[in-house]
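What's in model.cif: mmCIF, C-alpha atoms
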```
data_start
loop_
_atom_site.label_atom_id
_atom_site.label_comp_id
_atom_site.auth_asym_id
_atom_site.auth_seq_id
_atom_site.Cartn_x
_atom_site.Cartn_y
_atom_site.Cartn_z
CA MET U 23 100.93 13.98 122.15
CA THR U 24 102.55 12.87 125.43
CA THR U 25 103.89 15.19 128.09
CA THR U 26 107.46 14.61 126.94
CA GLU U 27 106.60 15.83 123.43
CA ARG U 28 105.07 19.15 124.45
CA THR U 29 106.65 22.39 123.47
CA GLY U 30 105.65 26.01 123.96
CA PRO U 31 102.37 26.95 125.65
CA GLU U 32 101.15 23.34 125.80
CA GLU U 33 103.65 22.74 128.58
CA THR U 34 101.53 24.98 130.79
CA TRP U 35 98.04 23.70 129.97
CA PHE U 36 98.19 20.09 131.15
CA VAL U 37 99.04 18.46 134.48
CA PRO U 38 102.29 16.51 135.05
CA HIS U 39 100.17 13.42 135.89
CA ASP U 40 98.60 13.52 132.43
CA LEU U 41 97.15 10.62 130.47
CA ASP U 42 99.75 8.19 129.17
CA GLN U 43 97.70 7.77 126.00
CA PRO U 44 94.57 9.49 124.62
CA LEU U 45 91.21 7.80 125.19
CA ALA U 46 89.62 6.95 121.85
CA GLY U 47 86.00 7.96 121.35
CA ALA U 48 83.41 5.84 119.62
CA ARG U 49 83.88 5.65 115.87
CA ARG U 50 80.35 6.81 115.27
CA GLY U 51 78.57 9.55 117.10
CA ARG U 52 77.45 13.14 116.83
CA LEU U 53 80.91 14.34 117.87
CA ALA U 54 82.98 11.63 116.17
CA GLY U 55 86.49 12.76 115.28
CA LEU U 56 86.60 15.66 117.74
CA THR U 57 89.20 15.94 120.50
CA ALA U 58 88.86 17.18 124.06
CA VAL U 59 90.75 17.85 127.25
CA VAL U 60 89.15 17.56 130.68
CA LYS U 61 89.69 19.47 133.87
CA ASP U 62 91.63 17.56 136.53
CA SER U 63 88.44 17.28 138.55
CA PHE U 64 86.92 14.43 136.52
CA ASP U 65 87.69 10.79 137.17
CA ILE U 66 89.31 8.86 134.35
CA ALA U 67 89.54 5.12 134.99
CA GLY U 68 92.98 3.96 136.06
CA THR U 69 94.23 7.47 136.86
CA ARG U 70 94.18 9.65 139.96
CA THR U 71 92.21 12.89 140.10
CA GLY U 72 94.15 15.81 141.56
CA GLY U 73 91.82 18.80 141.84
CA GLY U 74 94.78 21.14 141.49
CA SER U 75 96.42 19.88 144.71
CA PRO U 76 99.47 17.59 144.66
CA ASP U 77 98.69 16.52 148.22
CA TRP U 78 95.13 15.54 147.34
CA LEU U 79 96.43 13.71 144.27
CA ALA U 80 98.90 11.70 146.37
CA ALA U 81 96.13 10.60 148.73
CA GLN U 82 93.86 9.25 145.98
CA ALA U 83 93.56 5.76 144.56
CA PRO U 84 93.19 5.38 140.79
CA ALA U 85 89.58 5.86 139.70
CA ALA U 86 87.65 2.67 139.06
CA ALA U 87 85.54 4.23 136.30
CA HIS U 88 85.24 7.33 134.16
CA ALA U 89 83.16 10.25 135.34
CA ALA U 90 79.69 10.19 133.77
CA ALA U 91 80.38 13.26 131.62
CA VAL U 92 83.62 11.73 130.33
CA ASP U 93 81.73 8.57 129.41
CA ARG U 94 79.14 10.65 127.57
CA LEU U 95 81.78 12.41 125.49
CA LEU U 96 83.54 9.16 124.62
CA ALA U 97 80.23 7.57 123.59
CA ALA U 98 79.52 10.58 121.37
CA GLY U 99 82.80 10.01 119.55
CA VAL U 100 85.09 12.48 121.31
CA SER U 101 88.68 11.41 121.99
CA ILE U 102 90.08 12.64 125.32
CA ARG U 103 93.66 13.81 124.91
CA HIS U 104 94.75 15.40 128.18
CA LYS U 105 93.96 16.34 131.76
CA ALA U 106 94.08 20.10 132.16
CA VAL U 107 95.46 22.25 134.98
CA CYS U 108 92.92 23.77 137.36
CA ASP U 109 93.10 26.06 140.36
CA GLU U 110 93.75 24.35 143.67
CA PHE U 111 90.53 22.83 145.04
CA PHE U 112 88.78 25.10 142.46
CA TYR U 113 88.91 27.95 144.99
CA SER U 114 89.95 30.76 142.66
CA LEU U 115 88.92 32.63 139.53
CA SER U 116 92.42 33.58 138.42
CA GLY U 117 93.93 30.42 136.96
CA VAL U 118 97.17 30.98 138.84
CA SER U 119 98.46 27.71 140.32
CA ALA U 120 101.17 27.73 142.97
CA HIS U 121 101.91 24.10 142.15
CA TYR U 122 101.63 23.76 138.37
CA GLY U 123 102.10 27.32 137.15
CA THR U 124 99.77 29.58 135.21
CA PRO U 125 98.40 28.22 131.92
CA THR U 126 99.46 30.51 129.08
CA ASN U 127 96.66 32.64 127.66
CA VAL U 128 97.64 32.86 124.00
CA ARG U 129 94.88 35.36 123.21
CA ALA U 130 95.92 37.79 125.94
CA PRO U 131 99.69 37.34 126.24
CA GLY U 132 101.10 38.20 129.64
CA ARG U 133 97.68 37.97 131.29
CA ILE U 134 95.95 35.32 133.38
CA PRO U 135 93.61 32.79 131.75
CA GLY U 136 90.97 32.91 134.50
CA GLY U 137 90.02 29.95 136.63
CA SER U 138 89.41 27.47 137.93
CA SER U 139 89.00 25.67 134.58
CA SER U 140 92.08 27.55 133.39
CA GLY U 141 93.94 24.89 131.43
CA CYS U 142 90.75 23.90 129.61
CA ALA U 143 89.99 27.38 128.30
CA ALA U 144 93.63 28.06 127.45
CA ALA U 145 93.92 24.78 125.52
CA VAL U 146 90.80 25.52 123.46
CA ALA U 147 92.08 29.03 122.72
CA GLY U 148 95.40 27.54 121.68
CA HIS U 149 93.76 25.01 119.32
CA ALA U 150 95.09 22.01 121.25
CA CYS U 151 91.59 20.48 121.18
CA ASP U 152 88.12 21.06 119.76
CA LEU U 153 86.39 21.28 123.12
CA ALA U 154 87.08 21.03 126.82
CA LEU U 155 85.11 19.73 129.78
CA GLY U 156 85.13 21.93 132.88
CA GLY U 157 83.21 22.62 136.04
CA ASP U 158 81.59 25.86 137.18
CA THR U 159 80.63 26.71 140.75
CA GLY U 160 81.32 30.43 141.07
CA GLY U 161 82.40 31.29 137.54
CA SER U 162 85.04 28.67 136.79
CA VAL U 163 83.97 28.21 133.15
CA ARG U 164 82.48 31.62 132.43
CA VAL U 165 85.43 33.76 133.54
CA PRO U 166 88.15 31.82 131.66
CA ALA U 167 85.89 31.70 128.58
CA SER U 168 85.77 35.49 128.65
CA PHE U 169 89.48 35.97 129.29
CA CYS U 170 90.58 33.43 126.66
CA GLY U 171 88.10 34.50 123.99
CA VAL U 172 86.17 31.23 123.60
CA TYR U 173 82.61 30.01 124.10
CA GLY U 174 81.72 28.74 127.56
CA ILE U 175 78.58 27.56 129.33
CA ARG U 176 77.48 26.98 132.89
CA SER U 177 74.60 24.51 132.53
CA THR U 178 71.37 24.59 134.51
CA HIS U 179 72.10 23.19 137.96
CA GLY U 180 71.44 19.45 137.86
CA ARG U 181 71.16 19.06 134.08
CA VAL U 182 74.52 17.32 133.62
CA ASP U 183 75.43 14.24 135.66
CA LEU U 184 78.13 15.11 138.22
CA SER U 185 78.97 11.48 139.06
CA GLY U 186 82.72 11.04 139.18
CA ALA U 187 83.45 14.76 139.34
CA MET U 188 85.03 16.32 142.42
CA ALA U 189 82.66 18.55 144.37
CA MET U 190 83.32 22.12 145.43
CA ALA U 191 80.02 23.44 146.82
CA PRO U 192 77.18 21.10 145.82
CA SER U 193 74.44 23.73 145.98
CA PHE U 194 76.16 25.51 143.10
CA ASP U 195 78.31 22.91 141.32
CA THR U 196 77.61 22.44 137.63
CA ILE U 197 79.39 21.04 134.61
CA GLY U 198 80.24 23.29 131.69
CA TRP U 199 82.28 23.19 128.54
CA PHE U 200 84.30 25.30 126.13
CA ALA U 201 84.67 25.38 122.36
CA ASP U 202 86.05 27.74 119.75
CA ASP U 203 83.39 26.86 117.19
CA PRO U 204 79.77 27.72 118.03
CA ARG U 205 78.37 24.62 116.31
CA VAL U 206 80.67 22.32 118.22
CA PHE U 207 79.71 24.27 121.34
CA ARG U 208 76.03 23.57 120.69
CA ASP U 209 76.51 19.93 119.73
CA VAL U 210 78.28 19.10 123.00
CA GLY U 211 75.01 19.97 124.73
CA ALA U 212 73.24 17.16 122.91
CA ALA U 213 75.75 14.70 124.37
CA LEU U 214 75.77 15.97 127.95
CA LEU U 215 72.46 17.57 128.87
CA ASP U 216 69.87 15.51 130.72
CA GLY U 217 66.48 16.31 132.12
CA GLU U 218 63.76 18.49 130.70
CA THR U 219 64.55 20.93 127.92
CA VAL U 220 62.26 23.94 128.24
CA THR U 221 61.93 25.14 124.67
CA SER U 222 61.02 28.72 123.89
CA ARG U 223 61.95 31.40 121.40
CA VAL U 224 64.00 34.22 122.93
CA ASP U 225 61.54 37.11 122.75
CA ARG U 226 62.55 39.26 125.72
CA MET U 227 65.97 40.55 126.74
CA VAL U 228 66.70 42.32 130.02
CA LEU U 229 69.83 44.47 130.30
CA ALA U 230 71.20 44.03 133.81
CA GLU U 231 72.09 47.64 134.63
CA ASP U 232 73.54 46.87 138.05
CA ALA U 233 75.74 44.18 136.52
CA VAL U 234 76.99 46.50 133.79
CA GLN U 235 77.84 49.07 136.45
CA GLN U 236 80.23 46.56 138.04
CA ALA U 237 82.38 46.55 134.90
CA ASP U 238 85.15 48.81 133.74
CA ARG U 239 83.87 51.47 131.36
CA ALA U 240 85.66 49.92 128.38
CA VAL U 241 84.04 46.55 129.08
CA ALA U 242 80.62 48.13 129.53
CA LEU U 243 81.08 49.79 126.13
CA VAL U 244 81.53 46.34 124.56
CA VAL U 245 78.05 45.45 125.81
CA ASP U 246 76.65 48.75 124.46
CA ARG U 247 78.23 48.19 121.05
CA PHE U 248 77.01 44.61 120.95
CA LEU U 249 73.42 45.69 121.64
CA ALA U 250 73.62 48.41 118.99
CA ARG U 251 75.13 46.03 116.45
CA PHE U 252 72.43 43.40 116.91
CA ALA U 253 69.49 45.73 117.45
CA GLU U 254 67.54 44.18 114.57
CA ALA U 255 68.38 40.57 115.46
CA LEU U 256 67.52 40.57 119.16
CA PRO U 257 64.61 41.79 121.27
CA GLU U 258 64.70 45.40 122.40
CA PRO U 259 66.78 45.49 125.62
CA GLU U 260 64.82 46.36 128.73
CA PRO U 261 67.08 48.00 131.33
CA ASP U 262 66.48 46.70 134.83
CA ARG U 263 68.30 46.28 138.12
CA ILE U 264 68.63 42.58 138.86
CA SER U 265 69.11 42.82 142.63
CA ALA U 266 67.10 45.14 144.84
CA ALA U 267 69.33 44.13 147.76
CA GLY U 268 72.47 44.92 145.76
CA LEU U 269 74.87 42.53 144.07
CA ASP U 270 77.33 42.87 146.97
CA ALA U 271 74.74 41.26 149.25
CA TRP U 272 74.09 38.46 146.75
CA ARG U 273 77.82 37.85 146.37
CA GLU U 274 78.30 37.61 150.12
CA SER U 275 75.50 35.09 150.50
CA PHE U 276 77.04 33.02 147.72
CA ARG U 277 80.52 33.30 149.25
CA ILE U 278 79.36 32.16 152.69
CA ILE U 279 77.35 29.17 151.42
CA GLN U 280 80.17 28.17 149.10
CA ALA U 281 82.72 28.35 151.91
CA TYR U 282 80.53 26.39 154.32
CA GLU U 283 79.89 23.62 151.80
CA PHE U 284 83.52 23.55 150.71
CA TRP U 285 84.64 22.94 154.27
CA GLY U 286 82.05 20.19 154.57
CA GLU U 287 83.63 18.49 151.55
CA TYR U 288 87.33 18.97 152.32
CA GLY U 289 87.67 20.18 155.91
CA SER U 290 88.50 16.74 157.30
CA PHE U 291 91.23 16.14 154.71
CA ILE U 292 92.72 19.60 155.13
CA SER U 293 92.72 19.36 158.93
CA THR U 294 94.31 15.92 158.88
CA ALA U 295 96.71 16.10 155.93
CA ASN U 296 97.69 19.76 156.31
CA PRO U 297 98.30 20.13 152.55
CA THR U 298 100.53 22.83 151.13
CA LEU U 299 98.23 25.59 149.90
CA GLY U 300 99.02 28.45 147.57
CA PRO U 301 98.49 32.15 148.32
CA GLY U 302 94.88 33.27 148.19
CA ILE U 303 93.68 29.68 148.40
CA ARG U 304 95.24 29.34 151.86
CA GLU U 305 93.43 32.40 153.17
CA ARG U 306 90.06 31.47 151.66
CA ILE U 307 90.23 27.96 153.10
CA ALA U 308 91.16 29.33 156.53
CA SER U 309 88.14 31.61 156.34
CA ALA U 310 85.91 28.73 155.23
CA ALA U 311 86.84 26.83 158.38
CA THR U 312 85.27 29.59 160.48
CA ILE U 313 81.84 29.65 158.80
CA THR U 314 79.12 28.30 161.09
CA SER U 315 75.81 26.66 160.26
CA ARG U 316 74.12 29.80 161.59
CA ASP U 317 76.12 31.90 159.12
CA ALA U 318 75.09 29.58 156.30
CA ASP U 319 71.43 29.62 157.32
CA ALA U 320 71.40 33.42 157.28
CA ALA U 321 73.08 33.45 153.89
CA HIS U 322 70.49 31.02 152.55
CA GLU U 323 67.74 33.54 153.35
CA THR U 324 69.32 36.05 150.96
CA ALA U 325 70.08 33.32 148.45
CA ASP U 326 66.47 32.14 148.47
CA GLN U 327 65.27 35.69 147.80
CA ALA U 328 67.73 36.02 144.92
CA ARG U 329 66.61 32.71 143.45
CA ALA U 330 62.95 33.65 143.66
CA ARG U 331 63.61 37.01 142.02
CA LEU U 332 65.57 35.50 139.15
CA HIS U 333 63.20 32.62 138.46
CA THR U 334 60.32 35.10 138.32
CA LEU U 335 62.22 37.42 136.01
CA LEU U 336 63.55 34.68 133.75
CA ALA U 337 60.41 33.02 132.51
CA PRO U 338 60.86 30.89 129.37
CA GLY U 339 61.74 33.16 126.46
CA THR U 340 63.52 35.79 128.59
CA VAL U 341 67.29 36.24 128.80
CA VAL U 342 69.42 38.64 130.81
CA VAL U 343 72.44 40.17 129.09
CA LEU U 344 75.50 41.29 131.07
CA PRO U 345 79.29 41.38 130.81
CA THR U 346 80.79 38.01 131.73
CA GLY U 347 83.56 39.62 133.78
CA PRO U 348 84.18 43.11 135.12
CA CYS U 349 87.46 43.67 133.28
CA ILE U 350 89.93 42.21 130.83
CA ALA U 351 92.26 39.54 132.17
CA PRO U 352 94.56 40.99 134.84
CA PRO U 353 98.32 40.79 134.26
CA ALA U 354 99.93 37.45 135.04
CA ASP U 355 102.18 39.14 137.60
CA ALA U 356 99.31 40.89 139.41
CA SER U 357 99.63 40.95 143.19
CA GLU U 358 97.50 38.70 145.35
CA ARG U 359 95.75 41.82 146.63
CA ALA U 360 94.88 42.86 143.07
CA LEU U 361 93.63 39.36 142.27
CA GLN U 362 91.44 39.33 145.37
CA SER U 363 89.90 42.66 144.31
CA PHE U 364 89.25 41.22 140.86
CA ARG U 365 87.71 38.10 142.43
CA LEU U 366 85.18 40.09 144.46
CA ARG U 367 84.15 42.18 141.44
CA ALA U 368 83.85 39.09 139.25
CA MET U 369 81.71 37.26 141.81
CA ASN U 370 79.23 40.15 141.80
CA LEU U 371 78.51 39.07 138.24
CA THR U 372 78.91 35.30 138.44
CA CYS U 373 76.75 34.92 141.57
CA ILE U 374 73.64 35.75 139.53
CA ALA U 375 73.53 32.40 137.74
CA GLY U 376 75.17 30.66 140.68
CA LEU U 377 72.50 31.54 143.22
CA SER U 378 69.65 30.90 140.81
CA GLY U 379 70.97 27.66 139.32
CA LEU U 380 70.19 29.05 135.87
CA PRO U 381 72.22 28.49 132.70
CA GLN U 382 74.61 31.10 131.36
CA VAL U 383 76.66 31.28 128.18
CA SER U 384 79.65 33.53 127.58
CA LEU U 385 80.30 34.49 123.96
CA PRO U 386 83.51 36.12 122.65
CA LEU U 387 81.85 39.31 121.45
CA GLY U 388 84.53 41.95 121.85
CA GLU U 389 88.04 43.09 122.67
CA VAL U 390 89.55 45.81 124.84
CA GLN U 391 93.22 46.70 124.42
CA GLY U 392 93.63 43.60 122.26
CA CYS U 393 92.26 41.32 125.00
CA PRO U 394 89.08 39.23 124.69
CA VAL U 395 85.87 40.31 126.40
CA GLY U 396 82.89 38.02 126.88
CA VAL U 397 79.25 39.04 126.80
CA SER U 398 76.87 36.71 128.64
CA PHE U 399 73.28 35.61 128.46
CA VAL U 400 71.57 34.07 131.48
CA GLY U 401 68.53 32.02 130.53
CA TRP U 402 65.63 30.22 132.15
CA ALA U 403 65.77 26.85 133.92
CA GLY U 404 66.18 24.19 131.25
CA GLY U 405 66.87 26.82 128.60
CA ASP U 406 70.44 25.66 127.97
CA ASP U 407 69.62 24.53 124.44
CA ALA U 408 68.12 27.90 123.54
CA LEU U 409 71.28 29.63 124.77
CA LEU U 410 73.44 27.27 122.71
CA ASP U 411 71.30 27.98 119.65
CA LEU U 412 71.68 31.70 120.34
CA ALA U 413 75.46 31.24 120.39
CA VAL U 414 75.28 29.67 116.92
CA SER U 415 73.03 32.42 115.54
CA LEU U 416 75.44 35.09 116.77
CA GLY U 417 78.55 33.05 116.05
CA GLU U 418 79.44 34.55 112.69
CA PHE U 419 79.66 37.94 114.34
CA CYS U 420 81.73 36.94 117.36
CA GLY U 421 85.10 38.56 117.86
CA SER U 422 86.09 42.18 118.21
CA THR U 423 83.42 44.88 118.02
#
```
Will you turn the file into structure tokens for me?
Amino acid sequence: MTTTERTGPEETWFVPHDLDQPLAGARRGRLAGLTAVVKDSFDIAGTRTGGGSPDWLAAQAPAAAHAAAVDRLLAAGVSIRHKAVCDEFFYSLSGVSAHYGTPTNVRAPGRIPGGSSSGCAAAVAGHACDLALGGDTGGSVRVPASFCGVYGIRSTHGRVDLSGAMAMAPSFDTIGWFADDPRVFRDVGAALLDGETVTSRVDRMVLAEDAVQQADRAVALVVDRFLARFAEALPEPEPDRISAAGLDAWRESFRIIQAYEFWGEYGSFISTANPTLGPGIRERIASAATITSRDADAAHETADQARARLHTLLAPGTVVVLPTGPCIAPPADASERALQSFRLRAMNLTCIAGLSGLPQVSLPLGEVQGCPVGVSFVGWAGGDDALLDLAVSLGEFCGST
């Protein structure tokens, strides 16, 4: 389907500079016959990569080669159909684009899809594709997976090749993906994951009490009902507080390092080109320009403590369960102030896997007021495959609780 043939919600999911024609996947492969869309952060040979910014797009030359992850999907048999809308420079969790509009969330009408991989999650939810390739730095796959009611994963930091993908904050950047079918979700891992797989049976589950306390009561109840429903299928939950320093402190260390690294990636372009920036993004980028190396060094001390704590807690076989987001998707017409409040609350949850570099899956395990709610598992380093298998084992029960 070309851009001129789109009708309805599809008009909102894909960028104006979309592919002229789909890219055909290999005829044989584990994922042969499946279709995908990719976030507009991945290079596709012969096209320009926009990163959610028309000004950045205009300054780019066509890519000479596909991003490594795109190549992997094509080799596995996946056909790439579209480039999906993403938040500007990936610096948001809302999915609201000042330049391309807000991708329609068909599973929570009138509400945001979450970002920054917004078009990807919305397209999977809308059955425009079998899977979607996104990126996750501070929650950019996990949050839209929760809000759109699909499966989403942030892979272990470094386990998927980032070549040909735009950076955001390299200390935290990972590749993730979405699917609406748990088996497809798992099988994508076989095509993309590199490095050592640390195999272990999930035999311990920690309930992150401080993370649950960040969530609205109705969302926290989804987690409670999930644990009660699967009491015989999962290890007995062990309540624990994840952060002795407090999740606010972890979030702030993440925010400062992210901002410092973002400016290192894009500060020169922004200072020289003076691109048009949307609300919220403009303010965050202005703040990023003020972060000093001393600020970043101080933040790294807290980050290192968080990482040590989480790697000790999450030995092979242990998972942490928590709500993916603190609330259901905010209304599409929410004020910038309301979206900023949501962002801070969400980052208290997403910074856990971000700081540690550990994998996290979000599963569509509930609804509140007719809107999807994701429940997440954070696993051990290299435990991505175990989390994907867990998604399959729980898949038949996913949906409202």
If we count all atoms listed in the file, what is near stretch 316-320 of chain U at a cut-off of 9 Å, once residues fewer than 6 positions away on the same chain are taken out, given as a PyMOL selection string? chain U and resi 275+278-283
Quick check on the file I pasted: which residues fall under the PyMOL selection byres ((chain U and resi 380) around 8)? Write them as a PyMOL selection string. chain U and resi 177-179+375-376+378-379+381-382+400-404
For the contact check between stretch 136-251 of chain U and stretch 291-312 of chain U, emit one row per residue of stretch 136-251 of chain U within 12 Å, containing the shortest atom pair and the distance in Å rounded to one decimal, counting all atoms listed in the file, chain then rising number order, as JSON lines.
```
{"residue": "U:Ser138", "atom": "CA", "partner": "U:Ile303", "partner_atom": "CA", "distance": 11.5}
{"residue": "U:Met190", "atom": "CA", "partner": "U:Ile307", "partner_atom": "CA", "distance": 11.9}
{"residue": "U:Ala191", "atom": "CA", "partner": "U:Ala310", "partner_atom": "CA", "distance": 11.6}
```
Mind listing as a compact mmCIF listing (two decimals) with C-alpha atoms, in the frame of the given file all residues within 12 Å of (94.7, 10.2, 141.1), counting all atoms listed in the file?
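Everything below was put into out_36.txt:
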```txt
# COMPACT_ATOMS: atom_id res chain seq x y z
CA VAL U 37 99.04 18.46 134.48
CA PRO U 38 102.29 16.51 135.05
CA HIS U 39 100.17 13.42 135.89
CA ASP U 40 98.60 13.52 132.43
CA LEU U 41 97.15 10.62 130.47
CA ASP U 62 91.63 17.56 136.53
CA SER U 63 88.44 17.28 138.55
CA PHE U 64 86.92 14.43 136.52
CA ASP U 65 87.69 10.79 137.17
CA ILE U 66 89.31 8.86 134.35
CA ALA U 67 89.54 5.12 134.99
CA GLY U 68 92.98 3.96 136.06
CA THR U 69 94.23 7.47 136.86
CA ARG U 70 94.18 9.65 139.96
CA THR U 71 92.21 12.89 140.10
CA GLY U 72 94.15 15.81 141.56
CA GLY U 73 91.82 18.80 141.84
CA GLY U 74 94.78 21.14 141.49
CA SER U 75 96.42 19.88 144.71
CA PRO U 76 99.47 17.59 144.66
CA ASP U 77 98.69 16.52 148.22
CA TRP U 78 95.13 15.54 147.34
CA LEU U 79 96.43 13.71 144.27
CA ALA U 80 98.90 11.70 146.37
CA ALA U 81 96.13 10.60 148.73
CA GLN U 82 93.86 9.25 145.98
CA ALA U 83 93.56 5.76 144.56
CA PRO U 84 93.19 5.38 140.79
CA ALA U 85 89.58 5.86 139.70
CA ALA U 86 87.65 2.67 139.06
CA ALA U 87 85.54 4.23 136.30
CA LYS U 105 93.96 16.34 131.76
CA MET U 188 85.03 16.32 142.42
```
Quick one: apply the PyMOL selection byres ((chain U and resi 193-201) around 6) to the file and drop the selected residues here as a CSV table (one decimal) with C-alpha atoms, in the coordinates of the input.
```
chain,number,residue,atom,x,y,z
U,153,LEU,CA,86.4,21.3,123.1
U,154,ALA,CA,87.1,21.0,126.8
U,155,LEU,CA,85.1,19.7,129.8
U,156,GLY,CA,85.1,21.9,132.9
U,157,GLY,CA,83.2,22.6,136.0
U,158,ASP,CA,81.6,25.9,137.2
U,159,THR,CA,80.6,26.7,140.8
U,173,TYR,CA,82.6,30.0,124.1
U,174,GLY,CA,81.7,28.7,127.6
U,175,ILE,CA,78.6,27.6,129.3
U,176,ARG,CA,77.5,27.0,132.9
U,177,SER,CA,74.6,24.5,132.5
U,179,HIS,CA,72.1,23.2,138.0
U,191,ALA,CA,80.0,23.4,146.8
U,192,PRO,CA,77.2,21.1,145.8
U,202,ASP,CA,86.0,27.7,119.8
U,203,ASP,CA,83.4,26.9,117.2
U,207,PHE,CA,79.7,24.3,121.3
U,376,GLY,CA,75.2,30.7,140.7
```
Rank nothing, just name the residue among U:Leu184, U:Pro125, U:Ser114, U:Gly137 nearest to U:Val92, using only C-alpha atoms.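 The answer is U:Leu184, which sits nearest to U:Val92.
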Restrict the calculation to all atoms listed in the file, then for each residue of stretch 170-259 of chain U with any atom at most 7 Å from an atom of stretch 346-349 of chain U give the closest atom pair and their distance in Å to one decimal, rows by chain and rising residue number, as JSON lines.
```
{"residue": "U:Gln236", "atom": "CA", "partner": "U:Pro348", "partner_atom": "CA", "distance": 6.0}
{"residue": "U:Ala237", "atom": "CA", "partner": "U:Pro348", "partner_atom": "CA", "distance": 3.9}
{"residue": "U:Asp238", "atom": "CA", "partner": "U:Cys349", "partner_atom": "CA", "distance": 5.7}
{"residue": "U:Val241", "atom": "CA", "partner": "U:Cys349", "partner_atom": "CA", "distance": 6.1}
```
Counting all atoms listed in the file, which residue out of U:Val343, U:Val182, U:Cys151, U:Cys420 sits closest to U:Leu215?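 Nearest to U:Leu215: U:Val182.
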Could you tell me which residues the PyMOL selection byres ((chain U and resi 367-372) around 6) returns for this structure, as number ranges by chain? U: 161, 269, 273, 347-348, 364-366, 373-374
Saved selection, atoms kept: C-alpha atoms, as a compact mmCIF listing (two decimals), in the frame of the given file:
```txt
# COMPACT_ATOMS: atom_id res chain seq x y z
CA GLY U 161 82.40 31.29 137.54
CA LEU U 269 74.87 42.53 144.07
CA ARG U 273 77.82 37.85 146.37
CA GLY U 347 83.56 39.62 133.78
CA PRO U 348 84.18 43.11 135.12
CA PHE U 364 89.25 41.22 140.86
CA ARG U 365 87.71 38.10 142.43
CA LEU U 366 85.18 40.09 144.46
CA CYS U 373 76.75 34.92 141.57
CA ILE U 374 73.64 35.75 139.53
```
Set the distance at 10 Å and use only C-alpha atoms: which residues neighbour U:Ala255 once local chain neighbours fewer than 5 positions away are removed? I'd like the list as a list in words.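 Contacts, in chain order: Leu249, Ser415 and Leu416 of chain U.
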Store the residues picked out above in a file with C-alpha atoms, as a PDB file, keeping the file's coordinate frame.
```pdb
ATOM      1  CA  LEU U 249      73.420  45.690 121.640  1.00  0.00           C
ATOM      2  CA  SER U 415      73.030  32.420 115.540  1.00  0.00           C
ATOM      3  CA  LEU U 416      75.440  35.090 116.770  1.00  0.00           C
TER       4      LEU U 416
END
```
Please measure the separation of atom CA of U:Arg223 and atom CA of U:Arg251, giving the value in Å to one decimal.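 So the answer is 20.3 Å.
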